[in-house]
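J.: First the structure, which I've put down as structure tokens, then a few questions once you've had a look.
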Protein chains: 4
Amino acid sequence: MSGNTFGKLFCVTSFGESHGAGIGCVVDGCPPGLELSEADIQPELDRRKPGTSKFVTQRKEEDKVEILSGVFEGKTTGTPIALLIRNTDQRSYDYAKIQQVFRPNHADYAYIQKYGIRDHRGGGRSSARETAVRVAAGAIAKKYLKQRLGIQVRGCTEQVGDIHCEIRDWSAVYDNPFFCADPGKIPQLETLVEGLRGEGDSIGAKLYVEATGVPPGLGEPVYDRLDADIAFALMSINAVKGVEIGDGMRVAGMRGTEHRDEMTPQGFLANHSGGVAGGISTGQTIYARYAIKPTSSITTPGKSIDQDGNAVDMRTTGRHDPCVGLRATPIAEAMLALVLMDHYLRHRAQNADVVPATPRIPG
Amino acid sequence: MSGNTFGKLFCVTSFGESHGAGIGCVVDGCPPGLELSEADIQPELDRRKPGTSKFVTQRKEEDKVEILSGVFEGKTTGTPIALLIRNTDQRSYDYAKIQQVFRPNHADYAYIQKYGIRDHRGGGRSSARETAVRVAAGAIAKKYLKQRLGIQVRGCTEQVGDIHCEIRDWSAVYDNPFFCADPGKIPQLETLVEGLRGEGDSIGAKLYVEATGVPPGLGEPVYDRLDADIAFALMSINAVKGVEIGDGMRVAGMRGTEHRDEMTPQGFLANHSGGVAGGISTGQTIYARYAIKPTSSITTPGKSIDQDGNAVDMRTTGRHDPCVGLRATPIAEAMLALVLMDHYLRHRAQNADVVPATPRIPG
Amino acid sequence: MSGNTFGKLFCVTSFGESHGAGIGCVVDGCPPGLELSEADIQPELDRRKPGTSKFVTQRKEEDKVEILSGVFEGKTTGTPIALLIRNTDQRSYDYAKIQQVFRPNHADYAYIQKYGIRDHRGGGRSSARETAVRVAAGAIAKKYLKQRLGIQVRGCTEQVGDIHCEIRDWSAVYDNPFFCADPGKIPQLETLVEGLRGEGDSIGAKLYVEATGVPPGLGEPVYDRLDADIAFALMSINAVKGVEIGDGMRVAGMRGTEHRDEMTPQGFLANHSGGVAGGISTGQTIYARYAIKPTSSITTPGKSIDQDGNAVDMRTTGRHDPCVGLRATPIAEAMLALVLMDHYLRHRAQNADVVPATPRIPG
Amino acid sequence: MSGNTFGKLFCVTSFGESHGAGIGCVVDGCPPGLELSEADIQPELDRRKPGTSKFVTQRKEEDKVEILSGVFEGKTTGTPIALLIRNTDQRSYDYAKIQQVFRPNHADYAYIQKYGIRDHRGGGRSSARETAVRVAAGAIAKKYLKQRLGIQVRGCTEQVGDIHCEIRDWSAVYDNPFFCADPGKIPQLETLVEGLRGEGDSIGAKLYVEATGVPPGLGEPVYDRLDADIAFALMSINAVKGVEIGDGMRVAGMRGTEHRDEMTPQGFLANHSGGVAGGISTGQTIYARYAIKPTSSITTPGKSIDQDGNAVDMRTTGRHDPCVGLRATPIAEAMLALVLMDHYLRHRAQNADVVPATPRIPG
């Protein structure tokens, strides 16, 4: 398949550019009978939307989703669900001046090397705008997972520059533009981001995402392991440079006696593995971390080349975020939900008639 | 597809268990006309093989590969290449005693939850023995990449516990059992690993893998990005818990002015991105790091349960590695080669007739 | 993948119902740099459109296509091309009366057995309306095949009931509503179809489709043979019940001396095989025939059941065709073009660097 | 994927050449817990085996299958099942003389055009020997379908040249080398085939295959319809040139009042559709017909060319069948079983939790 389809049984095929007619996707494989309307999807899009606070890009997009197919009388029918989000704020003149040059560390240069052509308006297909599609499709998966299986997916910000946030209050995540579960850190985050905007610079971030209530048994080793697909899903998000499951990169310094998750009839004694063993869910909470690079769309000039190969000094203008990582949480939640939904369908395809032969311990 | 096929155009379908008749794979999609014999594959298998030093598991496997099909008169024909490695040393009695219990932090419990049945002999399908198949298939990709495209894939160990190794001498990697490019650190590594064997404990590791000579343009955004597929490939290796591309998790603390890779007509000024932008190769060196957890197969007893749900104290015996990460380099090289080979074929499917419209700068 | 994606490298993912908001598709994998606009697609849609003559259904659909993405400044960019056709004439009240019953020999009963739910408005997803999407996507493939490879795809009607048409004048096909290349038979066809409308009955048809200029080498044995994929593509069209390649079913009565296509340095002496040998194109004209059943949407009452399981007498009203086969030609052309386009990309993925080692004879 | 994998969830990846080390496959996706041993597969292979009567090729192959993986203590484990059949009778010297020429109407010419190289020993990959792999894999599907779902797949010969056979006695099929259910026709068939061998000619055949006990709901419209996949599967068998579902090509001459299958609370009144409506099984018997061309491997000389492009007179020697169609029944049964198995898994992936909302009538 050609790169724009995510999933094997719960398949999301994405389309659209930053400044074209619109973006959207086709979700194929959704089980029939799920209550679904735009009202299930729109709130997730609103969480991701640019322009919701002064800390993120001021581009104003309605991001209003329309369900074109696959739903009849309020329920999914088992046929493809097409979603469309029209682009409304397409000030492509902002980008006219960068038409002839490659922005450093953007996809511009790579795209033209690959395709021999590029849509220079706001990055075209490489724009983070595409992530709205993921959020929309993920909202369907999220609903199914929660309603039918009791699985909940959620995420928060863990680090921005050298500010580290802890998970103190999940409910706070929805009340601040940083997706921060550590309310005491919000003033520091505000100061940092406002400062960066003034300096014309940007900053990276580390984020956390988890799924609770996942039954054991999801994952298709040896290649399509649950953790491998989570790594794929998170690394496919724009600007992500690292992914960790469970203890992540820290395991390099750990001992077996420290890392192994011992089991008792009452449950696991630890969850260093992040809820996956041998590529299959264990019934524990699945959790991952991912790091997002500082955006290169900054107003501090940088060296680059133009389309004729000449050296230029490049300064990005237009509307951009000092910390793109601040908008990543709804996207990562969506991707994790899509992975779980796909693996749930794959698991029951092969194993729907399996009678578990063993006692199951609490996750 | 069902979880045991890697790649979309250069497809490796793997089979086999640790203690069954054998392991192997079918490689479908290899271009015709490549000179190929067992002599191209066997050396890579020998690099991975257990029992080559006292620092890794003493299991003695011949790991002798047979090409069953797809090669005629010394050349690939374009038809499927089947590889078979018979199991020869299957002392499954070593495992008889663990038949009724779940080893903590192994795939045992997850497998039986998923399938309702498990092959308890040495982990069955979940055994690291399956990675020999990856190495064998990867050897074919490596040969094509090197011979036809000048791409070289190589890796080394970067960290074991708190011993950090640098890349001082690539040639040393092939001379020591630690795949260490920092010869001065070898005595410390020897002491560490021998000590762990005595203590009945194990240790994690961080490793590095790179590909040089990769042309720009490989990668299929928005989902099947080159970096997303590398993350998938590396995370699919047994015991890997984290994957980093370029600066990796460190980007969380970096600024845009520091991280962006500026371009000049003479080439890139840095490679923080690890050779990938927007999911597409830039022509720079592609590099990644991955962390491998300390194996849970240790002789220090741990809490677990048996198949009737009773609490047991579990002590793994049999032949195991104090640091499974030490054998990971050939496997990661193989996986990176498979990803690049697959993306090369995918790229030319769509873009074989593209005339690059822009100056190309040195990688 | 979930049933609504056609092709492996040139992938068409279809969505939409007969009486929903619209129908459309995402075409992923199209090579970049192809000139493309709605004007390339609309004429093909117009050829398929209902309501163009009194001999086919009087449903009036604009079938106006909009390209939502993947095209920039008049050229494909290599990113997904989304096509949308809004539904405009959705008189679903025509279908209200059949809401509670299953039309005999329609997909109604099968759909509700499969999904537990159905969209009863005009057949929903099972409506032949979906074939407009195939025609739209096929128009892109057709353009590429013709412009870049010199491949031409065309088709015509060969039999309607007991009226047999020959290929006497290809240019006539575009001038009559029967896609008939045998102008002398048109009065008989008119009489037959008008008579059937009066009788409340319908009739089947046999059709012919061919591709000229196809280079040798397309097809991926042993399963994804070119002829197997053509059979799949044609049988996937609504109401098709039989597919023949070359001599087709007639081979059951033929001898080897009669059927084999002998070769000379000047070319093949015959083309009984329909341009495919061993699943791979030979360079000869590829041709196939397919039979379309008489539609069951007729005004002559038939026995059926309702949703409570009671016996009913069922009479379809609404707008329908006495011979649905008469509209199949543009659809079959589109499907053949999609198969060839997909196989062309698959072929060059694996074999782009093959230097043919043998003399090539004329097709 | 690369052409040698059949199925999406029950995946068969085939390998091997006629005169290489062996042939085989990997079956990925088989549900765990199915009792399976070589004894379930070998009888099916024996039914297909050449050399079992004087009416088919005298090549003597043991066709002895070995299960390499995926079965533990007599049951499938849910991991890949690899099957290997070693080649034993590889008299490739028989083929030495045809090394430099292309056999007319064989795959020789197409293969070398595609790959630039060919394995000339007995056709290499294009040999009908590969169909043994299909039969072996199909035996696993057959067992599951019968044991778990009560589905029975069977087939017979319907026509050879101008001899037409009826289904009078299914039990007779297993007692004669013609897979003929019309015992009175056997003497005629014997005379025909023996005569052809003397004449150095060959003959085509038409065959029938059916599946009884198939539940309604299998099939994934709009592209991956059950009937489209059956057409694909049957057309992928060597030498098949036509496929019919239900009334097949005959529908071109039929009327709607004649063809439609009316429904009553007691069941369907007819089965013209062959058990599929809208691409989904209806619960009726699924049946199809397919035509196999007369083999071109005949001793009557024919015109061809050699590898230098010179005209030659070509006469095939070696061991071949006057009617290859006579061995097709086990192969077609296997392919139909594979299609049903795959669609069963696909169906339950999406619809495992569907509660049918409607009365179900007898098939």
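Residue numbers start at 1 in each chain; chains themselves are named A, B, ... in the order of the structure tokens; ligands are numbered from 1 in the order shown.
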List as JSON lines every residue of chain A that is in contact with chain C, defined as an atom at most 8 Å from one of its atoms (using only C-alpha atoms), together with the nearest atom pair and the distance in Å rounded to one decimal, sorted by chain and then rising number.

T.:
{"residue": "A:Met1", "atom": "CA", "partner": "C:Lys8", "partner_atom": "CA", "distance": 5.0}
{"residue": "A:Ser2", "atom": "CA", "partner": "C:Gly29", "partner_atom": "CA", "distance": 5.3}
{"residue": "A:Gly3", "atom": "CA", "partner": "C:Asp28", "partner_atom": "CA", "distance": 7.8}
{"residue": "A:Asn4", "atom": "CA", "partner": "C:Asp28", "partner_atom": "CA", "distance": 7.0}
{"residue": "A:Gly7", "atom": "CA", "partner": "C:Met1", "partner_atom": "CA", "distance": 7.8}
{"residue": "A:Lys8", "atom": "CA", "partner": "C:Met1", "partner_atom": "CA", "distance": 5.0}
{"residue": "A:Leu9", "atom": "CA", "partner": "C:Met1", "partner_atom": "CA", "distance": 5.3}
{"residue": "A:Phe10", "atom": "CA", "partner": "C:Ser2", "partner_atom": "CA", "distance": 7.3}
{"residue": "A:Cys11", "atom": "CA", "partner": "C:Met1", "partner_atom": "CA", "distance": 6.6}
{"residue": "A:Thr13", "atom": "CA", "partner": "C:Val26", "partner_atom": "CA", "distance": 7.4}
{"residue": "A:Ser14", "atom": "CA", "partner": "C:Pro80", "partner_atom": "CA", "distance": 7.5}
{"residue": "A:Phe15", "atom": "CA", "partner": "C:Pro80", "partner_atom": "CA", "distance": 5.3}
{"residue": "A:Gly16", "atom": "CA", "partner": "C:Ser69", "partner_atom": "CA", "distance": 5.0}
{"residue": "A:Glu17", "atom": "CA", "partner": "C:Ser69", "partner_atom": "CA", "distance": 6.4}
{"residue": "A:Gly20", "atom": "CA", "partner": "C:Ser69", "partner_atom": "CA", "distance": 6.3}
{"residue": "A:Ala21", "atom": "CA", "partner": "C:Leu68", "partner_atom": "CA", "distance": 5.3}
{"residue": "A:Gly22", "atom": "CA", "partner": "C:Leu68", "partner_atom": "CA", "distance": 6.2}
{"residue": "A:Ile23", "atom": "CA", "partner": "C:Ser69", "partner_atom": "CA", "distance": 7.6}
{"residue": "A:Val26", "atom": "CA", "partner": "C:Phe15", "partner_atom": "CA", "distance": 7.0}
{"residue": "A:Asp28", "atom": "CA", "partner": "C:Ser2", "partner_atom": "CA", "distance": 5.8}
{"residue": "A:Gly29", "atom": "CA", "partner": "C:Ser2", "partner_atom": "CA", "distance": 5.3}
{"residue": "A:Pro32", "atom": "CA", "partner": "C:Tyr115", "partner_atom": "CA", "distance": 6.0}
{"residue": "A:Gly33", "atom": "CA", "partner": "C:Ile117", "partner_atom": "CA", "distance": 7.2}
{"residue": "A:Leu68", "atom": "CA", "partner": "C:Ala21", "partner_atom": "CA", "distance": 5.3}
{"residue": "A:Ser69", "atom": "CA", "partner": "C:Gly16", "partner_atom": "CA", "distance": 4.9}
{"residue": "A:Gly70", "atom": "CA", "partner": "C:Gly16", "partner_atom": "CA", "distance": 6.9}
{"residue": "A:Phe72", "atom": "CA", "partner": "C:Asp119", "partner_atom": "CA", "distance": 6.3}
{"residue": "A:Thr77", "atom": "CA", "partner": "C:Ile117", "partner_atom": "CA", "distance": 6.1}
{"residue": "A:Gly78", "atom": "CA", "partner": "C:Tyr115", "partner_atom": "CA", "distance": 6.3}
{"residue": "A:Thr79", "atom": "CA", "partner": "C:Arg125", "partner_atom": "CA", "distance": 7.1}
{"residue": "A:Pro80", "atom": "CA", "partner": "C:Phe15", "partner_atom": "CA", "distance": 5.3}
{"residue": "A:Ile81", "atom": "CA", "partner": "C:Phe15", "partner_atom": "CA", "distance": 6.9}
{"residue": "A:Ala82", "atom": "CA", "partner": "C:Phe15", "partner_atom": "CA", "distance": 6.4}
{"residue": "A:Tyr115", "atom": "CA", "partner": "C:Pro32", "partner_atom": "CA", "distance": 6.0}
{"residue": "A:Gly116", "atom": "CA", "partner": "C:Pro32", "partner_atom": "CA", "distance": 7.5}
{"residue": "A:Ile117", "atom": "CA", "partner": "C:Thr77", "partner_atom": "CA", "distance": 6.1}
{"residue": "A:Arg118", "atom": "CA", "partner": "C:Thr77", "partner_atom": "CA", "distance": 6.4}
{"residue": "A:Asp119", "atom": "CA", "partner": "C:Phe72", "partner_atom": "CA", "distance": 6.3}
{"residue": "A:Arg125", "atom": "CA", "partner": "C:Thr79", "partner_atom": "CA", "distance": 7.1}

J.: Using C-alpha atoms, can you export the residues from the last selection as a CSV table (one decimal), in the first residue's frame?

T.:
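The file below, out_10.csv, is the result:
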chain,number,residue,atom,x,y,z
A,1,MET,CA,0.0,0.0,0.0
A,2,SER,CA,1.1,3.5,-0.7
A,3,GLY,CA,2.0,5.2,2.5
A,4,ASN,CA,-1.1,7.1,3.4
A,7,GLY,CA,-3.8,0.1,10.0
A,8,LYS,CA,-4.6,-3.3,8.5
A,9,LEU,CA,-8.1,-4.0,9.6
A,10,PHE,CA,-9.2,-0.6,11.0
A,11,CYS,CA,-7.7,1.3,8.1
A,13,THR,CA,-6.5,6.4,4.5
A,14,SER,CA,-5.6,10.1,4.7
A,15,PHE,CA,-5.6,12.8,2.1
A,16,GLY,CA,-5.2,16.6,1.9
A,17,GLU,CA,-2.8,19.5,2.0
A,20,GLY,CA,-5.7,22.9,-0.7
A,21,ALA,CA,-9.5,22.3,-0.7
A,22,GLY,CA,-9.5,20.3,2.4
A,23,ILE,CA,-8.2,17.3,4.4
A,26,VAL,CA,-11.6,7.2,4.8
A,28,ASP,CA,-12.6,1.3,6.5
A,29,GLY,CA,-13.3,-1.6,8.8
A,32,PRO,CA,-21.3,-1.7,12.4
A,33,GLY,CA,-23.7,-0.6,15.1
A,68,LEU,CA,-19.7,11.9,4.3
A,69,SER,CA,-20.6,8.2,4.5
A,70,GLY,CA,-20.8,5.0,6.6
A,72,PHE,CA,-27.0,5.8,8.7
A,77,THR,CA,-23.1,0.5,9.0
A,78,GLY,CA,-19.8,-1.3,8.6
A,79,THR,CA,-19.1,0.5,5.3
A,80,PRO,CA,-16.4,3.1,4.9
A,81,ILE,CA,-16.7,6.2,7.0
A,82,ALA,CA,-15.4,9.2,5.0
A,115,TYR,CA,8.7,13.7,-6.1
A,116,GLY,CA,10.5,16.3,-8.3
A,117,ILE,CA,7.7,18.6,-7.4
A,118,ARG,CA,6.3,20.2,-4.2
A,119,ASP,CA,3.4,22.1,-3.0
A,125,ARG,CA,1.2,17.5,2.5

J.: Among the residues of region 153-337 of chain A, find those DSSP assigns to helix (DSSP H, G or I) from the backbone and print them as a ChimeraX atom specification.

T.: /A:170-175,183-199,226-235,248-253,256-259,324-337

J.: Next, the residues of the selection above should be written as a compact mmCIF listing (two decimals), in the first residue's frame with C-alpha atoms.

T.:
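Output file selection-v3.txt is given in full below:
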# COMPACT_ATOMS: atom_id res chain seq x y z
CA TRP A 170 -5.37 14.19 35.22
CA SER A 171 -8.37 16.48 35.22
CA ALA A 172 -6.11 19.52 34.88
CA VAL A 173 -4.95 18.36 31.46
CA TYR A 174 -8.13 19.61 29.86
CA ASP A 175 -7.94 23.03 31.49
CA PRO A 183 -0.86 22.66 37.56
CA GLY A 184 1.94 24.23 39.58
CA LYS A 185 4.22 24.21 36.54
CA ILE A 186 1.90 26.19 34.30
CA PRO A 187 3.31 29.64 35.13
CA GLN A 188 6.83 28.44 34.26
CA LEU A 189 5.58 27.00 30.98
CA GLU A 190 3.85 30.26 30.13
CA THR A 191 7.01 32.24 30.78
CA LEU A 192 9.15 29.88 28.74
CA VAL A 193 6.90 29.86 25.68
CA GLU A 194 6.27 33.59 25.67
CA GLY A 195 9.99 34.17 25.98
CA LEU A 196 10.73 31.92 23.02
CA ARG A 197 8.26 33.75 20.85
CA GLY A 198 10.07 36.94 21.62
CA GLU A 199 13.48 35.41 20.92
CA LEU A 226 1.88 -4.15 19.75
CA ASP A 227 4.89 -2.14 20.94
CA ALA A 228 6.42 -2.04 17.45
CA ASP A 229 3.16 -0.69 16.06
CA ILE A 230 2.97 1.89 18.84
CA ALA A 231 6.52 2.99 18.01
CA PHE A 232 5.56 3.19 14.34
CA ALA A 233 2.44 5.17 15.11
CA LEU A 234 4.11 7.70 17.38
CA MET A 235 7.20 8.10 15.21
CA GLY A 248 12.33 3.07 27.49
CA MET A 249 15.93 4.11 26.88
CA ARG A 250 16.59 3.89 30.63
CA VAL A 251 16.73 0.08 30.39
CA ALA A 252 20.28 0.39 29.04
CA GLY A 253 21.42 1.03 32.58
CA GLY A 256 17.28 -7.83 35.26
CA THR A 257 16.46 -8.05 38.94
CA GLU A 258 15.36 -4.43 38.83
CA HIS A 259 13.48 -4.39 35.52
CA VAL A 324 4.73 22.19 18.47
CA GLY A 325 4.90 19.50 21.12
CA LEU A 326 2.19 21.35 23.04
CA ARG A 327 -0.39 20.25 20.48
CA ALA A 328 0.77 16.66 20.22
CA THR A 329 -1.24 15.06 23.00
CA PRO A 330 -4.55 14.65 21.15
CA ILE A 331 -2.63 13.34 18.15
CA ALA A 332 -0.71 10.75 20.13
CA GLU A 333 -3.89 9.67 21.90
CA ALA A 334 -5.51 9.22 18.50
CA MET A 335 -2.61 7.18 17.17
CA LEU A 336 -2.55 4.94 20.24
CA ALA A 337 -6.31 4.44 19.93

J.: Could you check how far CA of Asp162 (chain B) sits from CA of Asp201 (chain B), in Å to one decimal?

T.: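 Straight-line distance from CA of Asp162 (chain B) to CA of Asp201 (chain B) works out to 15.1 Å.
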
J.: If we count only C-alpha atoms, what is near region 271-287 of chain B at a cut-off of 8 Å, once residues fewer than 2 positions away on the same chain are taken out, given as a PyMOL selection string?

T.: (chain A and resi 105-107+109-111+114+126+236+238-239+241) or (chain B and resi 208-222+224-228+245-247+259-261+268-269+289+362-363)

J.: Save out the residues we just selected, C-alpha atoms, as a JSON list (two decimals), in the first residue's frame.

T.:
[["chain", "number", "residue", "atom", "x", "y", "z"],
["A", 105, "ASN", "CA", 15.19, 21.10, 8.50],
["A", 106, "HIS", "CA", 11.80, 21.08, 6.87],
["A", 107, "ALA", "CA", 10.50, 18.48, 4.50],
["A", 109, "TYR", "CA", 14.10, 19.62, 0.28],
["A", 110, "ALA", "CA", 13.27, 15.94, 0.87],
["A", 111, "TYR", "CA", 9.90, 16.24, -0.89],
["A", 114, "LYS", "CA", 11.48, 12.44, -3.88],
["A", 126, "SER", "CA", 4.06, 17.62, 5.04],
["A", 236, "SER", "CA", 4.90, 8.79, 12.25],
["A", 238, "ASN", "CA", 5.46, 15.09, 12.57],
["A", 239, "ALA", "CA", 8.61, 16.05, 14.48],
["A", 241, "LYS", "CA", 12.38, 11.79, 17.14],
["B", 208, "TYR", "CA", 23.79, 2.43, 17.55],
["B", 209, "VAL", "CA", 23.07, 1.61, 13.93],
["B", 210, "GLU", "CA", 23.60, 3.67, 10.79],
["B", 211, "ALA", "CA", 23.34, 3.59, 7.02],
["B", 212, "THR", "CA", 25.65, 5.64, 4.87],
["B", 213, "GLY", "CA", 25.23, 6.38, 1.18],
["B", 214, "VAL", "CA", 21.42, 6.45, 1.27],
["B", 215, "PRO", "CA", 20.08, 8.57, -1.58],
["B", 216, "PRO", "CA", 17.54, 11.29, -0.79],
["B", 217, "GLY", "CA", 13.90, 10.46, -1.43],
["B", 218, "LEU", "CA", 13.26, 7.20, 0.45],
["B", 219, "GLY", "CA", 10.20, 7.13, 2.72],
["B", 220, "GLU", "CA", 6.45, 7.19, 2.16],
["B", 221, "PRO", "CA", 4.72, 9.89, 4.20],
["B", 222, "VAL", "CA", 2.45, 10.53, 5.85],
["B", 224, "ASP", "CA", 4.95, 4.98, 6.20],
["B", 225, "ARG", "CA", 7.73, 7.46, 6.88],
["B", 226, "LEU", "CA", 11.22, 6.13, 6.74],
["B", 227, "ASP", "CA", 11.82, 6.98, 10.40],
["B", 228, "ALA", "CA", 8.49, 5.46, 11.46],
["B", 245, "ILE", "CA", 16.30, 8.77, 15.35],
["B", 246, "GLY", "CA", 18.96, 11.49, 15.18],
["B", 247, "ASP", "CA", 19.05, 13.39, 18.47],
["B", 259, "HIS", "CA", 18.61, 21.44, 16.47],
["B", 260, "ARG", "CA", 17.87, 22.54, 12.93],
["B", 261, "ASP", "CA", 20.26, 21.27, 10.28],
["B", 268, "PHE", "CA", 24.34, 20.18, 5.43],
["B", 269, "LEU", "CA", 26.02, 21.84, 8.40],
["B", 289, "ARG", "CA", 19.79, 4.25, 18.67],
["B", 362, "PRO", "CA", 26.10, 16.49, -0.59],
["B", 363, "GLY", "CA", 24.61, 14.33, 2.16]]

J.: Would you mind writing down, as a list in words, each residue of region 88-168 of chain D that DSSP on the backbone assigns to strand (DSSP E)?

T.: Gln152, Val153, Arg154, Gly155, Cys156, Thr157, Glu158, Gln159, Val160, Ile163 and His164 of chain D

J.: Which residues are near Gln307 (chain D)? Cut-off 7 Å, only C-alpha atoms, ignore same chain within fewer than 5 positions. Put them as a PDB file with N, CA and C atoms, in the first residue's frame.

T.:
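The result, written out as selection_19.pdb:
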ATOM      1  N   THR C 358      16.687 -10.957 -24.053  1.00  0.00           N
ATOM      2  CA  THR C 358      16.177 -11.769 -25.148  1.00  0.00           C
ATOM      3  C   THR C 358      15.558 -10.882 -26.213  1.00  0.00           C
ATOM      4  N   PRO C 359      15.491 -11.355 -27.441  1.00  0.00           N
ATOM      5  CA  PRO C 359      14.792 -10.562 -28.460  1.00  0.00           C
ATOM      6  C   PRO C 359      13.322 -10.461 -28.121  1.00  0.00           C
TER       7      PRO C 359
ATOM      8  N   GLN D 100      17.267 -23.394 -24.722  1.00  0.00           N
ATOM      9  CA  GLN D 100      17.543 -22.239 -25.575  1.00  0.00           C
ATOM     10  C   GLN D 100      16.327 -21.753 -26.352  1.00  0.00           C
ATOM     11  N   VAL D 101      15.209 -22.430 -26.200  1.00  0.00           N
ATOM     12  CA  VAL D 101      14.024 -22.020 -26.973  1.00  0.00           C
ATOM     13  C   VAL D 101      12.865 -21.719 -26.039  1.00  0.00           C
TER      14      VAL D 101
END

J.: For Gln42 (chain A), list every protein, DNA or RNA residue within 8 Å, evaluated using only C-alpha atoms, and leave out those in the same chain fewer than 3 positions away; present the list as an NGL selection string.

T.: :A and (38-39 or 45-46 or 64-65 or 136)

J.: Separation of CA of Gly155 (chain C) and CA of Arg134 (chain C), in Å?

T.: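 Interatomic distance, CA of Gly155 (chain C) to CA of Arg134 (chain C): 15.3 Å.
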
J.: Between C:Gly150, C:Gly122, C:Phe178, C:Ser127, which one has atoms that come closest to Arg48 (chain C), using only C-alpha atoms?

T.: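 When distances to Arg48 (chain C) are compared using only C-alpha atoms, the smallest one comes from C:Phe178.
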
J.: One number please: CA of Pro104 (chain D) to CA of Thr316 (chain D), in Å, one decimal.

T.: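 Taking CA of Pro104 (chain D) and CA of Thr316 (chain D), their separation equals 9.6 Å.
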